[in-house]
Amino acid sequence: MSGRLWWREPFRMFQTNLREIDAGLDVERVLDQLEGFGANAWLISVGGILSNYPTGLDFQTRNPYLAQRPSGDLVGDAVAAARRRGVRVLARMDFSKIDHRRAEEHPEWCFVAPDGAAQVYNGLTSVCPSGDYYQVKLFEVIGEVLDGYAVDGFFLNWMSFNEVDYSRRYWGVCHCLACARRFAEQVGEELPEGRDSPGYLRWRRFAHETLEDLNARIRAAIAARRPDAALILGEHADIVFHEANNAVGRPLWHHRTSEHVSAAKSYRPDVPVLVNSVGFVDMPYRMAGEEPYHFAQYLLQAISRGAVPSTYIMGTPDDSPYECLEIAGEITRFHRDHAGIYRDLVSEARTLLVRPDPLKGGVAGATSEFQGLYLALLERHLPFDVLPEDKLPVSDLSGYRLIVLPDLGPIDAGPVLDAYAAAGGTVLATGSTGFDADEAQLACLPVTRRLASRETEEATRSLHLPGDRGMVPVIGAFHVAEPAERAETGLFALSRARYGPPEKCHGHRQSGHPGWLGARYGKGAGVLMPWTVGRGYREAGLSAHRDLFADRALAAAGGLAVETDLPEQVEIVLARSAAGHVIHLLNRSGDADQRFRRPVPIGASWLTLPWPGDRRVRALRAGRELEVSGGRVRLPELGLYEVLLVTDRP
């Protein structure tokens with residue numbers, strides 16, 4: 001479409017993360033493979049640690065294997081060949097490390113551990129974003145690439161303060177002179193040493209802000225030189241980057257990709273998000289391909305939330321024939337063949353789940369609470385978006401009917417949330433949300449103060465609430481809240497009693513401590529469940545926790561779930577695009593402990609459209625029109641996924 005920057009249109013990327021020995025690759029063969037895969041953008045290694053072009057900058061290292069090419073210039077050959085085919089080329093840069101000679105010449109550029117040691121890995125020395133290699137020299141390299149090649153954008157790898165190296169060894173906080181000076185100027189303190197040091201969270205925020213400031217300057221520099229070249233990076237980039245990956249030893253959160261895409265799109269819905277999906281199982285095992293159905297979830301969760309799908313391999317496709325690339329190609333080509341429905345795709349969820357801010361320090365167990373409520377909403381077919389806690393004051397909340405606040409503790413967005421509720425929205429908080437020094441911060445919540453807290457396993461052991469299907473255990477924390485005069489209350493906790501030996505297990509009596517408080521506020525409402533109902537579901541898996549929360553969420557907001565007979569293992573994502581309303585149905589029956597497996601096919605079912613009017617529905621994977629009667633759609637058998645395009649009937 002004329003007048004739009006190229007990255008505002010749907011595209012599909014493929015990254016060849018090249019080794020130095022790959023400098024002689026056949027660019028035409030790789031482009032054949034990329035286009036057959038369904039991609040129309042190529043992320044190729046260009047500069048930083050090694051330059052795959054004849055750099056003229058003394059502080060850059062030219063790849064010695066460029067001698068294998070007649071031209072001596074891999075980047076030039078790749079850009080020229082891709083240009084003839086209409087394939088975009090994006091430059092992968094990595095400024096995180098320099099060689100021994102440059103490190104000796106410029107120690108002021110380098111990372112310094114709290115004990116004074118340099119961080120050296122495989123002969124390369126890590127540098128620090130506070131130093132002039134990042135702050136000054138990086139811009140010279142980008143300028144040289146822009147001067148020499150018609151690249152369509154840049155991605156900067158490993159933009160970090162190098163607390164952890166490739167072997168996952170923890171080094172601590174950088175203590176270079178530039179960091180010490182900047183931290184003292186901005187925070188007024190000495191640098192902490194590591195994760196357990198006082199002031200570490202303040203340093204985390206300092207590091208985040210330093211990188212975001214650098215990102216913004218890089219974006220401005222590129223835009224000034226070439227407005228049609230995009231930066232793929234952080235919050236201030238043209239395209240927000242998320243890497244979908246696995247890691248040996250890391251507990252699997254099955255919804256990580258959806259969560260991160262939604263968190264970015266809810267904050268800035270008009271900014272593209274790129275999900276670079278890692279084709280191998282973990283960094284130390286780069287030759288071992290990812291499980292196919294695990295990898296498929298990266299791409300499906302990405303496109304269902306409106307992100308750009310991207311696949312990332314080591315070397316060339318000939319060097320990394322991962323098994324997962326077959327299913328990845330199928331999904332990528334689906335996105336290519338239906339690009340129209342992904343143009344300007346934005347969520348139509350009316351529920352917002354707020355993600356705790358890790359830089360705030362937060363509440364112990366807040367992530368577990370968030371994930372438990374995430375699962376509850378998903379399984380009850382209540383479509384929702386995710387928003388980072390720190391983005392509440394700067395985001396448009398007017399399109400949501402329900403905002404869920406999971407055990408956030410003290411919050412800074414009180415006036416924003418009160419205004420939202422007064423205008424007609426519903427705020428539903430759990431756990432410690434909105435209590436600061438035991439005083440209630442949110443006027444929309446019907447409490448005056450916190451009288452006591454039970455936040456240890458010992459303090460909550462044997463504590464129960466009466467649920468709709470029997471007793472429900474409190475797992476995590478319970479806060480005794482003083483109801484406001486206007487509050488309705490319920491779910492009164494049962495006092496604790498002995499839990500052993502069995503002969504003594506009696507004496508549970510109803511207390512006056514409510515597990516639910518609600519009241520109208522302006523045109524809207526406020527609801528507090530002053531205990532960790534989400535954590536209970538995440539850690540114990542009792543559907544009673546899930547339904548206790550979801551039923552009250554639906555009642556408070558007037559009903560937001562999609563009516564369907566699909567099982568809880570199907571994720572329903574509602575959106576609209578230039579083509580019409582779009583419903584992604586993701587079959588999550590393959591979700592298993594620490595893995596994704598082939599999902600079980602789900603037989604014919606039905607779904608009631610959440611949009612009124614006479615509608616036409618086409619199942620894009622099945623390739624056929626669906627029967628619609630009274631707003632109810634008859635769905636075909638569901639395999640891995642289906643995408644429904646809903647339009648007005650002519």
# chains A, B, ... in the order shown; residues from 1 in each chain; ligands from 1
>>> select_by_dssp(residues="stretch 16-224 of chain A", states="helix (DSSP H, G or I)", output="tab-separated table (two decimals) with N, CA, C and O atoms, in the first residue's frame")
chain	number	residue	atom	x	y	z
A	20	GLU	N	31.67	-17.81	11.11
A	20	GLU	CA	32.65	-17.17	10.25
A	20	GLU	C	32.95	-18.03	9.02
A	20	GLU	O	33.22	-17.50	7.94
A	21	ILE	N	32.85	-19.35	9.15
A	21	ILE	CA	33.16	-20.24	8.03
A	21	ILE	C	32.07	-20.24	6.96
A	21	ILE	O	32.25	-20.85	5.90
A	22	ASP	N	30.94	-19.55	7.23
A	22	ASP	CA	29.85	-19.52	6.25
A	22	ASP	C	29.97	-18.36	5.27
A	22	ASP	O	29.05	-18.14	4.46
A	23	ALA	N	31.06	-17.63	5.31
A	23	ALA	CA	31.19	-16.43	4.48
A	23	ALA	C	31.13	-16.75	2.99
A	23	ALA	O	30.82	-15.87	2.18
A	24	GLY	N	31.39	-17.98	2.59
A	24	GLY	CA	31.36	-18.35	1.18
A	24	GLY	C	30.03	-18.90	0.71
A	24	GLY	O	29.96	-19.47	-0.38
A	27	VAL	N	24.46	-17.41	-2.12
A	27	VAL	CA	23.32	-16.55	-1.77
A	27	VAL	C	22.08	-16.93	-2.58
A	27	VAL	O	20.95	-16.84	-2.06
A	28	GLU	N	22.23	-17.35	-3.82
A	28	GLU	CA	21.06	-17.70	-4.62
A	28	GLU	C	20.38	-18.95	-4.05
A	28	GLU	O	19.15	-19.02	-4.00
A	29	ARG	N	21.15	-19.93	-3.62
A	29	ARG	CA	20.56	-21.15	-3.05
A	29	ARG	C	19.83	-20.82	-1.75
A	29	ARG	O	18.72	-21.31	-1.52
A	30	VAL	N	20.44	-20.02	-0.91
A	30	VAL	CA	19.78	-19.66	0.35
A	30	VAL	C	18.49	-18.91	0.08
A	30	VAL	O	17.46	-19.16	0.72
A	31	LEU	N	18.50	-18.00	-0.88
A	31	LEU	CA	17.28	-17.26	-1.20
A	31	LEU	C	16.21	-18.18	-1.77
A	31	LEU	O	15.01	-18.00	-1.48
A	32	ASP	N	16.59	-19.17	-2.56
A	32	ASP	CA	15.61	-20.16	-3.02
A	32	ASP	C	14.95	-20.86	-1.83
A	32	ASP	O	13.73	-21.06	-1.81
A	33	GLN	N	15.77	-21.24	-0.86
A	33	GLN	CA	15.24	-21.95	0.32
A	33	GLN	C	14.35	-21.04	1.15
A	33	GLN	O	13.30	-21.47	1.65
A	34	LEU	N	14.74	-19.79	1.31
A	34	LEU	CA	13.93	-18.85	2.09
A	34	LEU	C	12.58	-18.62	1.44
A	34	LEU	O	11.54	-18.64	2.11
A	35	GLU	N	12.57	-18.40	0.14
A	35	GLU	CA	11.31	-18.13	-0.54
A	35	GLU	C	10.42	-19.37	-0.55
A	35	GLU	O	9.20	-19.27	-0.39
A	36	GLY	N	11.02	-20.55	-0.69
A	36	GLY	CA	10.24	-21.78	-0.60
A	36	GLY	C	9.64	-21.98	0.78
A	36	GLY	O	8.56	-22.57	0.92
A	37	PHE	N	10.31	-21.48	1.77
A	37	PHE	CA	9.83	-21.56	3.16
A	37	PHE	C	8.63	-20.65	3.39
A	37	PHE	O	7.83	-20.89	4.28
A	64	PRO	N	37.97	-13.28	7.96
A	64	PRO	CA	39.02	-13.77	7.05
A	64	PRO	C	38.49	-14.72	5.97
A	64	PRO	O	39.11	-14.87	4.92
A	65	TYR	N	37.33	-15.35	6.21
A	65	TYR	CA	36.78	-16.29	5.23
A	65	TYR	C	36.10	-15.59	4.06
A	65	TYR	O	35.66	-16.25	3.11
A	66	LEU	N	36.04	-14.27	4.08
A	66	LEU	CA	35.54	-13.55	2.91
A	66	LEU	C	36.42	-13.80	1.69
A	66	LEU	O	35.99	-13.59	0.55
A	67	ALA	N	37.66	-14.23	1.93
A	67	ALA	CA	38.56	-14.54	0.81
A	67	ALA	C	38.01	-15.66	-0.06
A	67	ALA	O	38.44	-15.83	-1.21
A	68	GLN	N	37.05	-16.44	0.44
A	68	GLN	CA	36.45	-17.51	-0.35
A	68	GLN	C	35.53	-16.98	-1.44
A	68	GLN	O	35.17	-17.71	-2.37
A	74	LEU	N	30.28	-10.65	1.23
A	74	LEU	CA	29.05	-11.41	1.38
A	74	LEU	C	27.83	-10.50	1.43
A	74	LEU	O	26.80	-10.78	0.81
A	75	VAL	N	27.92	-9.42	2.18
A	75	VAL	CA	26.77	-8.53	2.34
A	75	VAL	C	26.37	-7.94	0.99
A	75	VAL	O	25.19	-7.90	0.63
A	76	GLY	N	27.35	-7.48	0.24
A	76	GLY	CA	27.04	-6.90	-1.07
A	76	GLY	C	26.38	-7.90	-1.99
A	76	GLY	O	25.41	-7.58	-2.69
A	77	ASP	N	26.88	-9.14	-2.00
A	77	ASP	CA	26.29	-10.17	-2.85
A	77	ASP	C	24.86	-10.50	-2.42
A	77	ASP	O	23.97	-10.67	-3.26
A	78	ALA	N	24.66	-10.61	-1.10
A	78	ALA	CA	23.33	-10.95	-0.59
A	78	ALA	C	22.31	-9.86	-0.89
A	78	ALA	O	21.18	-10.14	-1.31
A	79	VAL	N	22.69	-8.61	-0.68
A	79	VAL	CA	21.76	-7.50	-0.92
A	79	VAL	C	21.40	-7.42	-2.40
A	79	VAL	O	20.23	-7.25	-2.77
A	80	ALA	N	22.38	-7.58	-3.28
A	80	ALA	CA	22.10	-7.49	-4.71
A	80	ALA	C	21.17	-8.62	-5.17
A	80	ALA	O	20.21	-8.38	-5.92
A	81	ALA	N	21.44	-9.85	-4.73
A	81	ALA	CA	20.62	-10.99	-5.14
A	81	ALA	C	19.20	-10.87	-4.57
A	81	ALA	O	18.21	-11.16	-5.27
A	82	ALA	N	19.09	-10.46	-3.31
A	82	ALA	CA	17.76	-10.32	-2.70
A	82	ALA	C	16.97	-9.21	-3.36
A	82	ALA	O	15.75	-9.33	-3.55
A	83	ARG	N	17.64	-8.13	-3.72
A	83	ARG	CA	16.96	-7.00	-4.36
A	83	ARG	C	16.31	-7.45	-5.67
A	83	ARG	O	15.20	-7.03	-6.00
A	84	ARG	N	16.98	-8.30	-6.43
A	84	ARG	CA	16.42	-8.77	-7.70
A	84	ARG	C	15.14	-9.58	-7.49
A	84	ARG	O	14.28	-9.64	-8.37
A	85	ARG	N	15.02	-10.20	-6.33
A	85	ARG	CA	13.85	-11.05	-6.04
A	85	ARG	C	12.77	-10.33	-5.24
A	85	ARG	O	11.71	-10.89	-4.98
A	100	HIS	N	40.97	-9.38	21.41
A	100	HIS	CA	41.96	-9.08	22.45
A	100	HIS	C	42.69	-7.77	22.17
A	100	HIS	O	42.91	-6.96	23.10
A	101	ARG	N	43.06	-7.53	20.90
A	101	ARG	CA	43.82	-6.32	20.59
A	101	ARG	C	43.02	-5.07	20.93
A	101	ARG	O	43.53	-4.15	21.58
A	102	ARG	N	41.74	-5.02	20.52
A	102	ARG	CA	40.93	-3.83	20.80
A	102	ARG	C	40.66	-3.69	22.30
A	102	ARG	O	40.61	-2.59	22.83
A	103	ALA	N	40.51	-4.83	22.98
A	103	ALA	CA	40.29	-4.77	24.43
A	103	ALA	C	41.51	-4.19	25.15
A	103	ALA	O	41.37	-3.44	26.12
A	104	GLU	N	42.71	-4.56	24.69
A	104	GLU	CA	43.93	-4.01	25.29
A	104	GLU	C	44.06	-2.52	24.99
A	104	GLU	O	44.50	-1.73	25.84
A	105	GLU	N	43.67	-2.12	23.79
A	105	GLU	CA	43.79	-0.71	23.41
A	105	GLU	C	42.73	0.15	24.09
A	105	GLU	O	42.96	1.34	24.35
A	107	PRO	N	40.50	-0.44	27.22
A	107	PRO	CA	39.90	-1.09	28.40
A	107	PRO	C	38.67	-0.35	28.90
A	107	PRO	O	37.82	-0.94	29.58
A	108	GLU	N	38.56	0.93	28.56
A	108	GLU	CA	37.40	1.72	29.01
A	108	GLU	C	36.10	1.29	28.32
A	108	GLU	O	35.02	1.69	28.74
A	109	TRP	N	36.21	0.50	27.26
A	109	TRP	CA	35.01	-0.01	26.60
A	109	TRP	C	34.47	-1.28	27.27
A	109	TRP	O	33.33	-1.68	27.02
A	132	ASP	N	32.09	3.83	25.47
A	132	ASP	CA	32.05	4.49	24.17
A	132	ASP	C	31.99	3.54	22.99
A	132	ASP	O	31.72	3.99	21.87
A	133	TYR	N	32.26	2.26	23.17
A	133	TYR	CA	32.11	1.35	22.04
A	133	TYR	C	30.64	1.33	21.62
A	133	TYR	O	30.32	1.41	20.42
A	134	TYR	N	29.75	1.23	22.60
A	134	TYR	CA	28.33	1.32	22.31
A	134	TYR	C	27.88	2.74	22.07
A	134	TYR	O	27.14	3.03	21.13
A	135	GLN	N	28.30	3.64	22.93
A	135	GLN	CA	27.77	4.99	22.90
A	135	GLN	C	28.24	5.81	21.70
A	135	GLN	O	27.58	6.77	21.30
A	136	VAL	N	29.40	5.45	21.12
A	136	VAL	CA	29.98	6.24	20.02
A	136	VAL	C	30.28	5.36	18.80
A	136	VAL	O	29.78	5.61	17.70
A	137	LYS	N	31.10	4.32	18.98
A	137	LYS	CA	31.61	3.55	17.84
A	137	LYS	C	30.51	2.78	17.12
A	137	LYS	O	30.57	2.58	15.90
A	138	LEU	N	29.52	2.31	17.84
A	138	LEU	CA	28.39	1.61	17.23
A	138	LEU	C	27.79	2.43	16.09
A	138	LEU	O	27.46	1.89	15.02
A	139	PHE	N	27.65	3.72	16.30
A	139	PHE	CA	27.03	4.59	15.30
A	139	PHE	C	27.90	4.71	14.05
A	139	PHE	O	27.38	4.87	12.94
A	140	GLU	N	29.21	4.62	14.23
A	140	GLU	CA	30.11	4.66	13.07
A	140	GLU	C	29.94	3.41	12.21
A	140	GLU	O	29.96	3.47	10.98
A	141	VAL	N	29.77	2.25	12.86
A	141	VAL	CA	29.58	1.01	12.11
A	141	VAL	C	28.26	1.04	11.35
A	141	VAL	O	28.21	0.70	10.15
A	142	ILE	N	27.20	1.43	12.01
A	142	ILE	CA	25.90	1.51	11.33
A	142	ILE	C	25.97	2.49	10.17
A	142	ILE	O	25.43	2.24	9.08
A	143	GLY	N	26.67	3.59	10.38
A	143	GLY	CA	26.83	4.55	9.29
A	143	GLY	C	27.58	3.97	8.11
A	143	GLY	O	27.23	4.22	6.95
A	144	GLU	N	28.61	3.19	8.38
A	144	GLU	CA	29.36	2.57	7.29
A	144	GLU	C	28.49	1.60	6.51
A	144	GLU	O	28.55	1.56	5.26
A	145	VAL	N	27.66	0.82	7.20
A	145	VAL	CA	26.77	-0.12	6.52
A	145	VAL	C	25.73	0.64	5.69
A	145	VAL	O	25.46	0.29	4.53
A	146	LEU	N	25.17	1.69	6.24
A	146	LEU	CA	24.18	2.48	5.50
A	146	LEU	C	24.80	3.14	4.27
A	146	LEU	O	24.15	3.26	3.22
A	147	ASP	N	26.04	3.56	4.40
A	147	ASP	CA	26.71	4.18	3.25
A	147	ASP	C	26.96	3.18	2.13
A	147	ASP	O	26.93	3.54	0.94
A	148	GLY	N	27.20	1.92	2.50
A	148	GLY	CA	27.64	0.96	1.50
A	148	GLY	C	26.57	0.04	0.95
A	148	GLY	O	26.75	-0.51	-0.15
A	177	LEU	N	34.26	2.18	34.84
A	177	LEU	CA	34.21	3.58	35.28
A	177	LEU	C	32.99	4.30	34.72
A	177	LEU	O	32.39	5.14	35.40
A	178	ALA	N	32.62	3.98	33.48
A	178	ALA	CA	31.45	4.63	32.89
A	178	ALA	C	30.17	4.28	33.65
A	178	ALA	O	29.32	5.14	33.89
A	179	CYS	N	30.03	3.00	34.05
A	179	CYS	CA	28.85	2.60	34.83
A	179	CYS	C	28.83	3.28	36.19
A	179	CYS	O	27.79	3.76	36.64
A	180	ALA	N	29.98	3.29	36.86
A	180	ALA	CA	30.05	3.90	38.19
A	180	ALA	C	29.68	5.38	38.13
A	180	ALA	O	28.93	5.88	38.97
A	181	ARG	N	30.20	6.05	37.11
A	181	ARG	CA	29.92	7.49	36.97
A	181	ARG	C	28.44	7.73	36.67
A	181	ARG	O	27.79	8.57	37.31
A	182	ARG	N	27.90	7.01	35.70
A	182	ARG	CA	26.51	7.20	35.31
A	182	ARG	C	25.54	6.85	36.45
A	182	ARG	O	24.55	7.55	36.69
A	183	PHE	N	25.82	5.76	37.15
A	183	PHE	CA	24.93	5.34	38.23
A	183	PHE	C	24.95	6.36	39.37
A	183	PHE	O	23.90	6.68	39.95
A	184	ALA	N	26.11	6.87	39.69
A	184	ALA	CA	26.21	7.89	40.74
A	184	ALA	C	25.46	9.15	40.35
A	184	ALA	O	24.76	9.76	41.18
A	185	GLU	N	25.57	9.54	39.07
A	185	GLU	CA	24.89	10.75	38.61
A	185	GLU	C	23.37	10.58	38.60
A	185	GLU	O	22.63	11.50	38.97
A	186	GLN	N	22.90	9.42	38.16
A	186	GLN	CA	21.47	9.23	37.97
A	186	GLN	C	20.75	8.72	39.21
A	186	GLN	O	19.58	9.06	39.43
A	187	VAL	N	21.42	7.91	40.01
A	187	VAL	CA	20.78	7.29	41.17
A	187	VAL	C	21.31	7.84	42.48
A	187	VAL	O	20.63	7.84	43.50
A	200	TYR	N	20.01	-3.42	44.05
A	200	TYR	CA	20.08	-4.14	42.77
A	200	TYR	C	18.90	-3.81	41.87
A	200	TYR	O	19.06	-3.64	40.66
A	201	LEU	N	17.68	-3.71	42.42
A	201	LEU	CA	16.53	-3.38	41.59
A	201	LEU	C	16.65	-1.98	41.01
A	201	LEU	O	16.22	-1.74	39.88
A	202	ARG	N	17.24	-1.05	41.77
A	202	ARG	CA	17.47	0.29	41.21
A	202	ARG	C	18.47	0.22	40.06
A	202	ARG	O	18.36	0.93	39.07
A	203	TRP	N	19.48	-0.67	40.21
A	203	TRP	CA	20.43	-0.84	39.11
A	203	TRP	C	19.74	-1.47	37.91
A	203	TRP	O	20.01	-1.09	36.76
A	204	ARG	N	18.83	-2.41	38.13
A	204	ARG	CA	18.11	-3.03	37.01
A	204	ARG	C	17.35	-1.97	36.22
A	204	ARG	O	17.34	-1.98	34.99
A	205	ARG	N	16.71	-1.06	36.93
A	205	ARG	CA	15.99	0.00	36.23
A	205	ARG	C	16.95	0.92	35.50
A	205	ARG	O	16.70	1.35	34.38
A	206	PHE	N	18.09	1.22	36.14
A	206	PHE	CA	19.12	2.05	35.50
A	206	PHE	C	19.60	1.37	34.21
A	206	PHE	O	19.73	2.02	33.17
A	207	ALA	N	19.87	0.07	34.26
A	207	ALA	CA	20.34	-0.66	33.09
A	207	ALA	C	19.29	-0.65	31.99
A	207	ALA	O	19.60	-0.44	30.81
A	208	HIS	N	18.03	-0.88	32.37
A	208	HIS	CA	16.94	-0.86	31.40
A	208	HIS	C	16.83	0.50	30.73
A	208	HIS	O	16.72	0.59	29.49
A	209	GLU	N	16.88	1.55	31.52
A	209	GLU	CA	16.74	2.90	30.96
A	209	GLU	C	17.94	3.27	30.10
A	209	GLU	O	17.80	3.97	29.08
A	210	THR	N	19.15	2.81	30.47
A	210	THR	CA	20.33	3.07	29.66
A	210	THR	C	20.19	2.43	28.29
A	210	THR	O	20.48	3.05	27.26
A	211	LEU	N	19.72	1.19	28.25
A	211	LEU	CA	19.55	0.49	26.98
A	211	LEU	C	18.44	1.11	26.15
A	211	LEU	O	18.58	1.25	24.92
A	212	GLU	N	17.34	1.49	26.78
A	212	GLU	CA	16.25	2.09	26.03
A	212	GLU	C	16.65	3.45	25.46
A	212	GLU	O	16.26	3.82	24.35
A	213	ASP	N	17.44	4.22	26.22
A	213	ASP	CA	17.95	5.49	25.70
A	213	ASP	C	18.85	5.25	24.49
A	213	ASP	O	18.77	5.95	23.47
A	214	LEU	N	19.70	4.24	24.58
A	214	LEU	CA	20.59	3.90	23.47
A	214	LEU	C	19.77	3.43	22.26
A	214	LEU	O	20.04	3.83	21.12
A	215	ASN	N	18.75	2.60	22.51
A	215	ASN	CA	17.88	2.15	21.43
A	215	ASN	C	17.23	3.32	20.70
A	215	ASN	O	17.17	3.35	19.46
A	216	ALA	N	16.74	4.29	21.48
A	216	ALA	CA	16.09	5.46	20.88
A	216	ALA	C	17.07	6.26	20.03
A	216	ALA	O	16.72	6.75	18.95
A	217	ARG	N	18.31	6.39	20.49
A	217	ARG	CA	19.31	7.12	19.72
A	217	ARG	C	19.68	6.38	18.44
A	217	ARG	O	19.90	6.99	17.38
A	218	ILE	N	19.78	5.06	18.52
A	218	ILE	CA	20.08	4.26	17.33
A	218	ILE	C	18.96	4.41	16.30
A	218	ILE	O	19.20	4.62	15.11
A	219	ARG	N	17.74	4.32	16.77
A	219	ARG	CA	16.60	4.47	15.86
A	219	ARG	C	16.60	5.83	15.20
A	219	ARG	O	16.38	5.95	13.98
A	220	ALA	N	16.88	6.88	15.98
A	220	ALA	CA	16.91	8.23	15.41
A	220	ALA	C	18.02	8.37	14.38
A	220	ALA	O	17.84	9.01	13.33
A	221	ALA	N	19.17	7.76	14.66
A	221	ALA	CA	20.30	7.86	13.73
A	221	ALA	C	19.98	7.16	12.41
A	221	ALA	O	20.30	7.67	11.33
A	222	ILE	N	19.35	5.98	12.48
A	222	ILE	CA	19.00	5.24	11.26
A	222	ILE	C	17.94	6.00	10.48
A	222	ILE	O	18.04	6.17	9.25
A	223	ALA	N	16.91	6.49	11.19
A	223	ALA	CA	15.82	7.19	10.52
A	223	ALA	C	16.31	8.46	9.83
A	223	ALA	O	15.81	8.83	8.76
A	224	ALA	N	17.28	9.13	10.44
A	224	ALA	CA	17.81	10.36	9.83
A	224	ALA	C	18.56	10.07	8.54
A	224	ALA	O	18.54	10.87	7.60
>>> closest_residue(among="A:Gly603, A:Pro410, A:Gly153, A:Gly372", to="A:Asp547", atoms="only C-alpha atoms")
A:Gly372
>>> atom_distance(atom1="atom CA of A:Arg12", atom2="atom CA of A:Tyr166")
28.2 Å
>>> closest_residue(among="A:Leu620, A:Met314, A:Ala550, A:Ile239", to="A:Met287", atoms="only C-alpha atoms")
A:Met314
>>> residues_around(residues="A:Leu644", least_positions_apart="4", cutoff="8 Å", atoms="only C-alpha atoms", output="VMD selection string")
chain A and resid 582 to 584 617 to 620
>>> write_last_selection(atoms="N, CA, C and O atoms", output="PDB file, in the first residue's frame")
ATOM      1  N   VAL A 582     -11.437 -11.650  12.932  1.00  0.00           N
ATOM      2  CA  VAL A 582     -10.609 -12.843  12.798  1.00  0.00           C
ATOM      3  C   VAL A 582     -10.616 -13.599  14.126  1.00  0.00           C
ATOM      4  O   VAL A 582     -10.411 -12.996  15.190  1.00  0.00           O
ATOM      5  N   ILE A 583     -10.849 -14.906  14.066  1.00  0.00           N
ATOM      6  CA  ILE A 583     -10.804 -15.753  15.262  1.00  0.00           C
ATOM      7  C   ILE A 583      -9.756 -16.840  15.037  1.00  0.00           C
ATOM      8  O   ILE A 583      -9.862 -17.629  14.093  1.00  0.00           O
ATOM      9  N   HIS A 584      -8.748 -16.858  15.885  1.00  0.00           N
ATOM     10  CA  HIS A 584      -7.773 -17.951  15.870  1.00  0.00           C
ATOM     11  C   HIS A 584      -8.188 -18.976  16.924  1.00  0.00           C
ATOM     12  O   HIS A 584      -8.455 -18.610  18.085  1.00  0.00           O
ATOM     13  N   VAL A 617     -18.847 -16.708   7.573  1.00  0.00           N
ATOM     14  CA  VAL A 617     -17.647 -17.226   8.228  1.00  0.00           C
ATOM     15  C   VAL A 617     -16.957 -18.222   7.295  1.00  0.00           C
ATOM     16  O   VAL A 617     -17.595 -19.158   6.793  1.00  0.00           O
ATOM     17  N   ARG A 618     -15.657 -18.005   7.093  1.00  0.00           N
ATOM     18  CA  ARG A 618     -14.858 -18.924   6.290  1.00  0.00           C
ATOM     19  C   ARG A 618     -13.728 -19.477   7.143  1.00  0.00           C
ATOM     20  O   ARG A 618     -13.003 -18.713   7.801  1.00  0.00           O
ATOM     21  N   ALA A 619     -13.578 -20.808   7.146  1.00  0.00           N
ATOM     22  CA  ALA A 619     -12.459 -21.462   7.826  1.00  0.00           C
ATOM     23  C   ALA A 619     -11.299 -21.510   6.835  1.00  0.00           C
ATOM     24  O   ALA A 619     -11.367 -22.217   5.821  1.00  0.00           O
ATOM     25  N   LEU A 620     -10.241 -20.765   7.119  1.00  0.00           N
ATOM     26  CA  LEU A 620      -9.170 -20.589   6.143  1.00  0.00           C
ATOM     27  C   LEU A 620      -8.312 -21.830   5.990  1.00  0.00           C
ATOM     28  O   LEU A 620      -7.842 -22.137   4.892  1.00  0.00           O
TER      29      LEU A 620
END
>>> closest_residue(among="A:Pro192, A:Asp438, A:Ala557, A:Arg168", to="A:Gly424", atoms="only C-alpha atoms")
A:Ala557
>>> closest_residue(among="A:Trp158, A:Phe370, A:Phe549, A:Tyr641", to="A:Val527", atoms="only C-alpha atoms")
A:Phe549
>>> residues_around(residues="A:Arg486", least_positions_apart="2", cutoff="7 Å", atoms="only C-alpha atoms", output="JSON, numbers by chain")
{"A": [446, 484, 488, 519]}
>>> residues_around(residues="A:Gly526", least_positions_apart="4", cutoff="8 Å", atoms="only C-alpha atoms", output="MDAnalysis selection string")
chainID A and resid 421 426:428 444:446 518:521
>>> select_by_dssp(residues="stretch 499-540 of chain A", states="strand (DSSP E or B)", output="number ranges by chain")
A: 510-521, 524-529, 531
>>> closest_residue(among="A:Ala477, A:Leu560, A:Ala339, A:Leu90", to="A:Phe154", atoms="only C-alpha atoms")
A:Leu90
>>> residues_around(residues="A:Gly38", least_positions_apart="3", cutoff="9 Å", atoms="only C-alpha atoms", output="VMD selection string")
chain A and resid 12 to 13 33 to 35 329 to 337
>>> closest_residue(among="A:Gln297, A:Thr55, A:Ser262, A:Gln371", to="A:Phe384", atoms="only C-alpha atoms")
A:Ser262
>>> atom_distance(atom1="atom CA of A:Asn162", atom2="atom CA of A:Phe111")
7.5 Å
>>> decode(residues="stretch 226-241 of chain A", atoms="C-alpha atoms", output="compact mmCIF listing (two decimals), in the first residue's frame")
# COMPACT_ATOMS: atom_id res chain seq x y z
CA ARG A 226 17.44 6.20 5.78
CA PRO A 227 13.80 6.58 6.85
CA ASP A 228 12.81 3.38 5.03
CA ALA A 229 15.15 1.21 7.16
CA ALA A 230 13.69 -0.30 10.31
CA LEU A 231 15.27 -0.98 13.70
CA ILE A 232 14.26 -4.26 15.33
CA LEU A 233 15.02 -4.01 19.04
CA GLY A 234 13.40 -2.72 22.21
CA GLU A 235 10.54 -0.54 23.26
CA HIS A 236 11.60 2.51 21.22
CA ALA A 237 12.35 0.60 18.02
CA ASP A 238 10.32 0.52 14.81
CA ILE A 239 9.72 -3.20 15.37
CA VAL A 240 9.65 -4.70 18.87
CA PHE A 241 11.72 -7.87 19.14
